[in-house]
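As stored in start.pdb (PDB, C-alpha atoms, pLDDT in the B column):
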```
ATOM      1  CA  MET S 189     -29.650  26.218   2.845  1.00 44.00           C
ATOM      2  CA  LYS S 190     -27.095  24.347   0.768  1.00 44.00           C
ATOM      3  CA  GLU S 191     -24.486  27.088   1.315  1.00 44.00           C
ATOM      4  CA  LYS S 192     -25.007  26.803   5.069  1.00 43.00           C
ATOM      5  CA  LYS S 193     -24.403  23.043   4.953  1.00 44.00           C
ATOM      6  CA  THR S 194     -21.231  23.530   2.930  1.00 44.00           C
ATOM      7  CA  ALA S 195     -19.968  26.220   5.267  1.00 44.00           C
ATOM      8  CA  SER S 196     -20.870  24.081   8.242  1.00 50.00           C
ATOM      9  CA  ALA S 197     -19.152  21.019   6.734  1.00 50.00           C
ATOM     10  CA  SER S 198     -15.981  22.967   5.937  1.00 49.00           C
ATOM     11  CA  TYR S 199     -16.044  24.501   9.428  1.00 42.00           C
ATOM     12  CA  GLN S 200     -16.356  21.022  10.966  1.00 46.00           C
ATOM     13  CA  LYS S 201     -13.488  19.753   8.787  1.00 48.00           C
ATOM     14  CA  ALA S 202     -11.285  22.693   9.834  1.00 47.00           C
ATOM     15  CA  GLU S 203     -12.220  22.195  13.503  1.00 47.00           C
ATOM     16  CA  LYS S 204     -11.481  18.470  13.284  1.00 49.00           C
ATOM     17  CA  SER S 205      -8.119  19.268  11.691  1.00 47.00           C
ATOM     18  CA  ARG S 206      -7.260  21.701  14.509  1.00 49.00           C
ATOM     19  CA  ASN S 207      -8.221  19.165  17.175  1.00 45.00           C
ATOM     20  CA  LEU S 208      -6.166  16.402  15.556  1.00 45.00           C
ATOM     21  CA  ALA S 209      -3.196  18.685  15.022  1.00 45.00           C
ATOM     22  CA  LYS S 210      -3.042  19.590  18.707  1.00 56.00           C
ATOM     23  CA  LYS S 211      -1.751  16.174  19.516  1.00 73.00           C
ATOM     24  CA  GLU S 212       0.868  14.178  17.739  1.00 89.00           C
ATOM     25  CA  ILE S 213       0.120  10.624  16.654  1.00 93.00           C
ATOM     26  CA  ASN S 214       3.019   8.282  17.362  1.00 94.00           C
ATOM     27  CA  VAL S 215       3.289   4.762  15.988  1.00 94.00           C
ATOM     28  CA  THR S 216       6.033   2.184  16.242  1.00 94.00           C
ATOM     29  CA  ALA S 217       5.873  -0.382  13.458  1.00 93.00           C
ATOM     30  CA  LEU S 218       7.864  -3.505  12.752  1.00 93.00           C
ATOM     31  CA  VAL S 219       7.184  -4.694   9.209  1.00 94.00           C
ATOM     32  CA  GLY S 220       7.415  -8.436   8.665  1.00 93.00           C
ATOM     33  CA  LYS S 221       7.585 -10.616   5.576  1.00 95.00           C
ATOM     34  CA  LYS S 222       3.803 -11.055   5.537  1.00 95.00           C
ATOM     35  CA  ASP S 223       3.283  -7.266   5.505  1.00 95.00           C
ATOM     36  CA  LEU S 224       5.872  -6.844   2.758  1.00 95.00           C
ATOM     37  CA  PHE S 225       4.351  -9.681   0.720  1.00 97.00           C
ATOM     38  CA  TYR S 226       0.849  -8.152   0.899  1.00 95.00           C
ATOM     39  CA  PHE S 227       2.290  -4.771  -0.123  1.00 95.00           C
ATOM     40  CA  LEU S 228       4.178  -6.261  -3.063  1.00 95.00           C
ATOM     41  CA  LEU S 229       1.054  -8.153  -4.205  1.00 93.00           C
ATOM     42  CA  TYR S 230      -1.025  -4.999  -3.965  1.00 93.00           C
ATOM     43  CA  HIS S 231       1.609  -2.858  -5.644  1.00 91.00           C
ATOM     44  CA  ASN S 232       2.062  -5.286  -8.555  1.00 89.00           C
ATOM     45  CA  TYR S 233      -1.532  -6.352  -9.169  1.00 89.00           C
ATOM     46  CA  ALA S 234      -3.516  -3.186  -8.377  1.00 87.00           C
ATOM     47  CA  ARG S 235      -1.993  -1.203 -11.218  1.00 85.00           C
ATOM     48  CA  PHE S 236      -3.349  -1.344 -14.758  1.00 91.00           C
ATOM     49  CA  ILE S 237      -0.414  -3.331 -16.140  1.00 89.00           C
ATOM     50  CA  GLY S 238      -0.726  -5.860 -13.310  1.00 88.00           C
ATOM     51  CA  VAL S 239      -4.418  -6.421 -14.001  1.00 90.00           C
ATOM     52  CA  ILE S 240      -3.765  -6.772 -17.737  1.00 92.00           C
ATOM     53  CA  GLY S 241      -0.902  -9.206 -17.116  1.00 89.00           C
ATOM     54  CA  PHE S 242      -3.008 -11.311 -14.766  1.00 89.00           C
ATOM     55  CA  LEU S 243      -5.964 -11.421 -17.181  1.00 92.00           C
ATOM     56  CA  PHE S 244      -3.646 -12.314 -20.068  1.00 93.00           C
ATOM     57  CA  SER S 245      -2.081 -15.130 -18.019  1.00 92.00           C
ATOM     58  CA  ALA S 246      -5.488 -16.420 -16.954  1.00 91.00           C
ATOM     59  CA  ALA S 247      -6.632 -16.373 -20.598  1.00 93.00           C
ATOM     60  CA  CYS S 248      -3.503 -18.337 -21.587  1.00 93.00           C
ATOM     61  CA  LEU S 249      -4.254 -20.953 -18.916  1.00 92.00           C
ATOM     62  CA  VAL S 250      -7.852 -21.273 -20.130  1.00 93.00           C
ATOM     63  CA  GLY S 251      -6.561 -21.484 -23.713  1.00 92.00           C
ATOM     64  CA  ALA S 252      -4.145 -24.244 -22.703  1.00 91.00           C
ATOM     65  CA  VAL S 253      -6.954 -26.294 -21.158  1.00 92.00           C
ATOM     66  CA  ILE S 254      -9.230 -25.781 -24.162  1.00 91.00           C
ATOM     67  CA  SER S 255      -6.487 -26.488 -26.711  1.00 89.00           C
ATOM     68  CA  PHE S 256      -5.189 -29.633 -24.993  1.00 88.00           C
ATOM     69  CA  GLY S 257      -5.308 -32.474 -27.535  1.00 86.00           C
ATOM     70  CA  LYS S 258      -6.526 -30.216 -30.335  1.00 89.00           C
ATOM     71  CA  VAL S 259      -3.209 -28.591 -31.247  1.00 87.00           C
ATOM     72  CA  GLU S 260       0.438 -29.525 -31.089  1.00 89.00           C
ATOM     73  CA  LEU S 261       1.663 -30.303 -27.568  1.00 87.00           C
ATOM     74  CA  TYR S 262       4.308 -27.559 -27.691  1.00 88.00           C
ATOM     75  CA  SER S 263       1.567 -24.941 -28.335  1.00 89.00           C
ATOM     76  CA  THR S 264      -0.343 -26.081 -25.255  1.00 90.00           C
ATOM     77  CA  LEU S 265       2.866 -26.113 -23.191  1.00 91.00           C
ATOM     78  CA  LEU S 266       3.722 -22.621 -24.392  1.00 92.00           C
ATOM     79  CA  LEU S 267       0.295 -21.374 -23.319  1.00 92.00           C
ATOM     80  CA  LEU S 268       0.782 -23.044 -19.913  1.00 92.00           C
ATOM     81  CA  LEU S 269       4.200 -21.431 -19.527  1.00 92.00           C
ATOM     82  CA  ILE S 270       2.909 -17.965 -20.421  1.00 91.00           C
ATOM     83  CA  GLY S 271      -0.139 -18.467 -18.215  1.00 91.00           C
ATOM     84  CA  ALA S 272       2.012 -19.425 -15.252  1.00 90.00           C
ATOM     85  CA  MET S 273       3.996 -16.172 -15.388  1.00 86.00           C
ATOM     86  CA  PHE S 274       1.552 -13.876 -13.556  1.00 83.00           C
ATOM     87  CA  THR S 275      -0.615 -16.478 -11.834  1.00 87.00           C
ATOM     88  CA  ILE S 276       2.033 -18.794 -10.355  1.00 90.00           C
ATOM     89  CA  TYR S 277       5.578 -17.521 -10.843  1.00 92.00           C
ATOM     90  CA  GLN S 278       4.990 -13.827 -10.000  1.00 91.00           C
ATOM     91  CA  PRO S 279       3.439 -14.423  -6.534  1.00 93.00           C
ATOM     92  CA  ILE S 280       6.235 -16.869  -5.670  1.00 95.00           C
ATOM     93  CA  ALA S 281       8.870 -14.365  -6.803  1.00 95.00           C
ATOM     94  CA  LEU S 282       7.170 -11.604  -4.790  1.00 95.00           C
ATOM     95  CA  TYR S 283       7.135 -13.800  -1.688  1.00 97.00           C
ATOM     96  CA  ARG S 284      10.848 -14.538  -2.081  1.00 97.00           C
ATOM     97  CA  LYS S 285      11.518 -10.812  -2.477  1.00 96.00           C
ATOM     98  CA  ALA S 286       9.483 -10.080   0.679  1.00 96.00           C
ATOM     99  CA  VAL S 287      11.447 -12.679   2.663  1.00 96.00           C
ATOM    100  CA  LYS S 288      14.738 -11.238   1.419  1.00 96.00           C
ATOM    101  CA  GLN S 289      13.706  -7.682   2.311  1.00 94.00           C
ATOM    102  CA  ALA S 290      12.337  -8.735   5.713  1.00 94.00           C
ATOM    103  CA  ASN S 291      15.693 -10.314   6.553  1.00 95.00           C
ATOM    104  CA  HIS S 292      17.595  -7.093   5.825  1.00 94.00           C
ATOM    105  CA  PRO S 293      19.067  -5.599   9.055  1.00 92.00           C
ATOM    106  CA  VAL S 294      17.139  -2.322   8.597  1.00 90.00           C
ATOM    107  CA  MET S 295      13.844  -4.219   8.539  1.00 92.00           C
ATOM    108  CA  GLN S 296      14.686  -6.098  11.744  1.00 92.00           C
ATOM    109  CA  LYS S 297      14.294  -2.912  13.816  1.00 93.00           C
ATOM    110  CA  PRO S 298      11.015  -1.045  14.332  1.00 93.00           C
ATOM    111  CA  MET S 299      10.371   2.291  12.631  1.00 94.00           C
ATOM    112  CA  ASN S 300       8.996   5.173  14.689  1.00 95.00           C
ATOM    113  CA  TYR S 301       6.446   7.371  12.965  1.00 95.00           C
ATOM    114  CA  SER S 302       4.973  10.635  14.169  1.00 95.00           C
ATOM    115  CA  PHE S 303       2.166  12.492  12.460  1.00 95.00           C
ATOM    116  CA  GLY S 304       1.182  16.061  13.214  1.00 93.00           C
ATOM    117  CA  GLU S 305       0.244  19.428  11.761  1.00 90.00           C
ATOM    118  CA  GLU S 306       3.276  19.605   9.460  1.00 91.00           C
ATOM    119  CA  GLY S 307       3.349  16.041   8.154  1.00 93.00           C
ATOM    120  CA  MET S 308       5.062  12.755   8.911  1.00 95.00           C
ATOM    121  CA  GLY S 309       8.316  12.124  10.730  1.00 94.00           C
ATOM    122  CA  VAL S 310      10.140   8.789  10.519  1.00 94.00           C
ATOM    123  CA  SER S 311      13.013   7.655  12.710  1.00 93.00           C
ATOM    124  CA  GLN S 312      15.033   4.536  13.378  1.00 92.00           C
ATOM    125  CA  ASP S 313      18.072   4.540  15.652  1.00 89.00           C
ATOM    126  CA  ASP S 314      19.997   7.746  14.815  1.00 89.00           C
ATOM    127  CA  ASN S 315      18.385   8.239  11.393  1.00 90.00           C
ATOM    128  CA  CYS S 316      15.370  10.467  10.919  1.00 91.00           C
ATOM    129  CA  ALA S 317      13.447  12.121   8.108  1.00 93.00           C
ATOM    130  CA  ALA S 318      10.423  14.362   7.795  1.00 93.00           C
ATOM    131  CA  VAL S 319       7.920  14.674   4.980  1.00 93.00           C
ATOM    132  CA  SER S 320       5.261  17.373   4.734  1.00 93.00           C
ATOM    133  CA  TRP S 321       1.671  16.520   3.864  1.00 94.00           C
ATOM    134  CA  GLU S 322       2.160  18.187   0.470  1.00 93.00           C
ATOM    135  CA  GLU S 323       5.115  15.911  -0.296  1.00 93.00           C
ATOM    136  CA  LEU S 324       3.191  12.705   0.377  1.00 94.00           C
ATOM    137  CA  TRP S 325       2.004  11.168  -2.862  1.00 94.00           C
ATOM    138  CA  LYS S 326      -0.933   9.175  -1.464  1.00 94.00           C
ATOM    139  CA  ILE S 327      -2.099   7.046   1.443  1.00 96.00           C
ATOM    140  CA  ILE S 328      -3.877   3.764   0.876  1.00 95.00           C
ATOM    141  CA  ALA S 329      -5.566   1.903   3.694  1.00 94.00           C
ATOM    142  CA  ARG S 330      -5.863  -1.852   3.235  1.00 94.00           C
ATOM    143  CA  LYS S 331      -7.224  -4.582   5.480  1.00 92.00           C
ATOM    144  CA  ASN S 332      -3.867  -5.399   7.107  1.00 93.00           C
ATOM    145  CA  ALA S 333      -1.898  -2.143   6.808  1.00 95.00           C
ATOM    146  CA  ILE S 334      -1.737   1.386   5.507  1.00 95.00           C
ATOM    147  CA  TYR S 335       0.684   2.310   2.755  1.00 96.00           C
ATOM    148  CA  ILE S 336       2.049   5.832   2.867  1.00 96.00           C
ATOM    149  CA  PHE S 337       3.508   6.548  -0.560  1.00 95.00           C
ATOM    150  CA  THR S 338       6.171   9.221  -0.924  1.00 92.00           C
ATOM    151  CA  ASP S 339       6.248   8.619  -4.696  1.00 92.00           C
ATOM    152  CA  PRO S 340       4.599   6.145  -7.080  1.00 90.00           C
ATOM    153  CA  ILE S 341       7.036   3.361  -6.114  1.00 87.00           C
ATOM    154  CA  ARG S 342       8.128   3.809  -2.479  1.00 90.00           C
ATOM    155  CA  ALA S 343       5.859   3.474   0.512  1.00 93.00           C
ATOM    156  CA  ASN S 344       6.103   3.248   4.264  1.00 94.00           C
ATOM    157  CA  ILE S 345       4.084   0.341   5.611  1.00 95.00           C
ATOM    158  CA  ILE S 346       2.312   0.576   8.951  1.00 95.00           C
ATOM    159  CA  PRO S 347       0.688  -2.744   9.906  1.00 95.00           C
ATOM    160  CA  ARG S 348      -2.737  -2.471  11.527  1.00 92.00           C
ATOM    161  CA  THR S 349      -2.009  -5.249  14.011  1.00 90.00           C
ATOM    162  CA  GLY S 350      -1.487  -3.539  17.360  1.00 88.00           C
ATOM    163  CA  ASN S 351      -1.925  -0.102  15.774  1.00 89.00           C
ATOM    164  CA  GLU S 352      -5.645  -0.041  14.929  1.00 91.00           C
ATOM    165  CA  LYS S 353      -6.432   3.099  16.939  1.00 93.00           C
ATOM    166  CA  GLU S 354      -3.404   5.012  15.650  1.00 93.00           C
ATOM    167  CA  VAL S 355      -4.066   3.983  12.048  1.00 93.00           C
ATOM    168  CA  ALA S 356      -7.627   5.314  12.292  1.00 93.00           C
ATOM    169  CA  MET S 357      -6.310   8.597  13.718  1.00 93.00           C
ATOM    170  CA  ILE S 358      -3.661   8.874  10.973  1.00 94.00           C
ATOM    171  CA  LEU S 359      -6.277   8.359   8.272  1.00 94.00           C
ATOM    172  CA  GLU S 360      -8.572  10.906   9.884  1.00 93.00           C
ATOM    173  CA  LEU S 361      -5.748  13.467  10.055  1.00 94.00           C
ATOM    174  CA  ALA S 362      -4.614  12.706   6.494  1.00 93.00           C
ATOM    175  CA  LYS S 363      -8.129  13.306   5.191  1.00 93.00           C
ATOM    176  CA  THR S 364      -8.004  16.825   6.637  1.00 92.00           C
ATOM    177  CA  LYS S 365      -4.496  17.557   5.298  1.00 93.00           C
ATOM    178  CA  MET S 366      -4.526  15.920   1.863  1.00 93.00           C
ATOM    179  CA  PRO S 367      -6.953  16.004  -1.071  1.00 93.00           C
ATOM    180  CA  ALA S 368      -9.591  13.273  -0.833  1.00 90.00           C
ATOM    181  CA  SER S 369      -8.336  11.704  -4.070  1.00 92.00           C
ATOM    182  CA  ARG S 370      -4.972  10.971  -2.417  1.00 93.00           C
ATOM    183  CA  VAL S 371      -6.324   9.228   0.707  1.00 94.00           C
ATOM    184  CA  LYS S 372      -8.081   5.962  -0.049  1.00 93.00           C
ATOM    185  CA  GLY S 373      -9.632   3.321   2.180  1.00 88.00           C
ATOM    186  CA  LYS S 374     -10.786   3.115   5.778  1.00 83.00           C
TER     187      LYS S 374
END
```
Could you write out this file's structure as structure tokens?
Amino acid sequence: MKEKKTASASYQKAEKSRNLAKKEINVTALVGKKDLFYFLLYHNYARFIGVIGFLFSAACLVGAVISFGKVELYSTLLLLLIGAMFTIYQPIALYRKAVKQANHPVMQKPMNYSFGEEGMGVSQDDNCAAVSWEELWKIIARKNAIYIFTDPIRANIIPRTGNEKEVAMILELAKTKMPASRVKGK
């Protein structure tokens, strides 16, 4: 019975993939500073080093509060300075970077994405590129956008606002074309 379920499930997955591949999913996305800021926050704080840095900074801030008046003032100030690095300074620096990137002329124009049987196509004005499903590193779906990584650092951002239906279809197609470990979120 279990073999039948597995065969049936793989048949349904293959059938779903064929149905999705018959039509191309097209999305036009304009990425703003808010979208870039959320991506930069995610990209910096979701990795192991980001979590460790944040926890270390938070511990330094707690240490500064506890040590206030018990040790030399410069020690408390040093703890405050170190604690502010990941909890205060880093988000401000990421926001400034997002604003700077959002103001770049390339970011002022929408990107056109198409997803189909072969992979993802991206175009803007006269420039275009195509990436196969095998070449995509991973896809992460977040509350406000999906991040389509082509390598561990670079990602295409498709905001969900105005694209909810297309984003759901892209994720569904990606789950049939990529290993489950490389497609995360809903």
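Considering the residues S:Ala368, S:Met295, S:Ala362, S:Ile327 and counting only C-alpha atoms, S:Asp223 has its shortest atom-to-atom contact with S:Met295.
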Can you translate the PyMOL selection byres ((chain S and resi 303-316) around 8) into the concrete residues it hits in this file, as a PDB file with C-alpha atoms, in the frame of the given file?
```
ATOM      1  CA  LEU S 208      -6.166  16.402  15.556  1.00 45.00           C
ATOM      2  CA  ALA S 209      -3.196  18.685  15.022  1.00 45.00           C
ATOM      3  CA  LYS S 210      -3.042  19.590  18.707  1.00 56.00           C
ATOM      4  CA  LYS S 211      -1.751  16.174  19.516  1.00 73.00           C
ATOM      5  CA  GLU S 212       0.868  14.178  17.739  1.00 89.00           C
ATOM      6  CA  ILE S 213       0.120  10.624  16.654  1.00 93.00           C
ATOM      7  CA  ASN S 214       3.019   8.282  17.362  1.00 94.00           C
ATOM      8  CA  LYS S 297      14.294  -2.912  13.816  1.00 93.00           C
ATOM      9  CA  PRO S 298      11.015  -1.045  14.332  1.00 93.00           C
ATOM     10  CA  MET S 299      10.371   2.291  12.631  1.00 94.00           C
ATOM     11  CA  ASN S 300       8.996   5.173  14.689  1.00 95.00           C
ATOM     12  CA  TYR S 301       6.446   7.371  12.965  1.00 95.00           C
ATOM     13  CA  SER S 302       4.973  10.635  14.169  1.00 95.00           C
ATOM     14  CA  ALA S 317      13.447  12.121   8.108  1.00 93.00           C
ATOM     15  CA  ALA S 318      10.423  14.362   7.795  1.00 93.00           C
ATOM     16  CA  VAL S 319       7.920  14.674   4.980  1.00 93.00           C
ATOM     17  CA  SER S 320       5.261  17.373   4.734  1.00 93.00           C
ATOM     18  CA  TRP S 321       1.671  16.520   3.864  1.00 94.00           C
ATOM     19  CA  ILE S 358      -3.661   8.874  10.973  1.00 94.00           C
TER      20      ILE S 358
END
```
Taking the file above as input, evaluate the PyMOL selection byres ((chain S and resi 269-281) around 6) and report the hits as a list in words. Phe242, Ser245, Ala246, Cys248, Leu249, Leu266, Leu267, Leu268, Leu282, Tyr283 and Arg284 of chain S
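Closest approach to S:Leu224 from the set S:Leu265, S:Ile328, S:Val239, S:Ala286 is made by S:Ala286, with distances taken over only C-alpha atoms.
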Between atom CA of S:Ile334 and atom CA of S:Val294, what is the spacing in Å?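 Atom-to-atom, atom CA of S:Val294 and atom CA of S:Ile334 are spaced 19.5 Å apart.
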Name every residue that the PyMOL selection byres ((chain S and resi 221) around 9) selects in this structure, writing the answer as a list in words with chains first and numbers rising.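 Taken on the displayed file, the PyMOL selection byres ((chain S and resi 221) around 9) yields the residues Val219, Gly220, Lys222, Asp223, Leu224, Phe225, Tyr226, Tyr283, Lys285, Ala286, Val287, Lys288, Gln289, Ala290 and Asn291 of chain S.
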May I have the residues within 12 Å of S:Arg348 as an mmCIF file with C-alpha atoms, in the coordinates of the input, using only C-alpha atoms and disregarding those fewer than 2 positions away in the same chain?
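What ended up in out.cif:
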```
data_model
loop_
_atom_site.group_PDB
_atom_site.id
_atom_site.type_symbol
_atom_site.label_atom_id
_atom_site.label_comp_id
_atom_site.auth_asym_id
_atom_site.auth_seq_id
_atom_site.Cartn_x
_atom_site.Cartn_y
_atom_site.Cartn_z
ATOM 1 C CA VAL S 215 3.289 4.762 15.988
ATOM 2 C CA THR S 216 6.033 2.184 16.242
ATOM 3 C CA ALA S 217 5.873 -0.382 13.458
ATOM 4 C CA LEU S 218 7.864 -3.505 12.752
ATOM 5 C CA VAL S 219 7.184 -4.694 9.209
ATOM 6 C CA ASP S 223 3.283 -7.266 5.505
ATOM 7 C CA ALA S 329 -5.566 1.903 3.694
ATOM 8 C CA ARG S 330 -5.863 -1.852 3.235
ATOM 9 C CA LYS S 331 -7.224 -4.582 5.480
ATOM 10 C CA ASN S 332 -3.867 -5.399 7.107
ATOM 11 C CA ALA S 333 -1.898 -2.143 6.808
ATOM 12 C CA ILE S 334 -1.737 1.386 5.507
ATOM 13 C CA TYR S 335 0.684 2.310 2.755
ATOM 14 C CA ILE S 345 4.084 0.341 5.611
ATOM 15 C CA ILE S 346 2.312 0.576 8.951
ATOM 16 C CA GLY S 350 -1.487 -3.539 17.360
ATOM 17 C CA ASN S 351 -1.925 -0.102 15.774
ATOM 18 C CA GLU S 352 -5.645 -0.041 14.929
ATOM 19 C CA LYS S 353 -6.432 3.099 16.939
ATOM 20 C CA GLU S 354 -3.404 5.012 15.650
ATOM 21 C CA VAL S 355 -4.066 3.983 12.048
ATOM 22 C CA ALA S 356 -7.627 5.314 12.292
ATOM 23 C CA MET S 357 -6.310 8.597 13.718
ATOM 24 C CA ILE S 358 -3.661 8.874 10.973
ATOM 25 C CA LEU S 359 -6.277 8.359 8.272
ATOM 26 C CA LYS S 374 -10.786 3.115 5.778
#
```
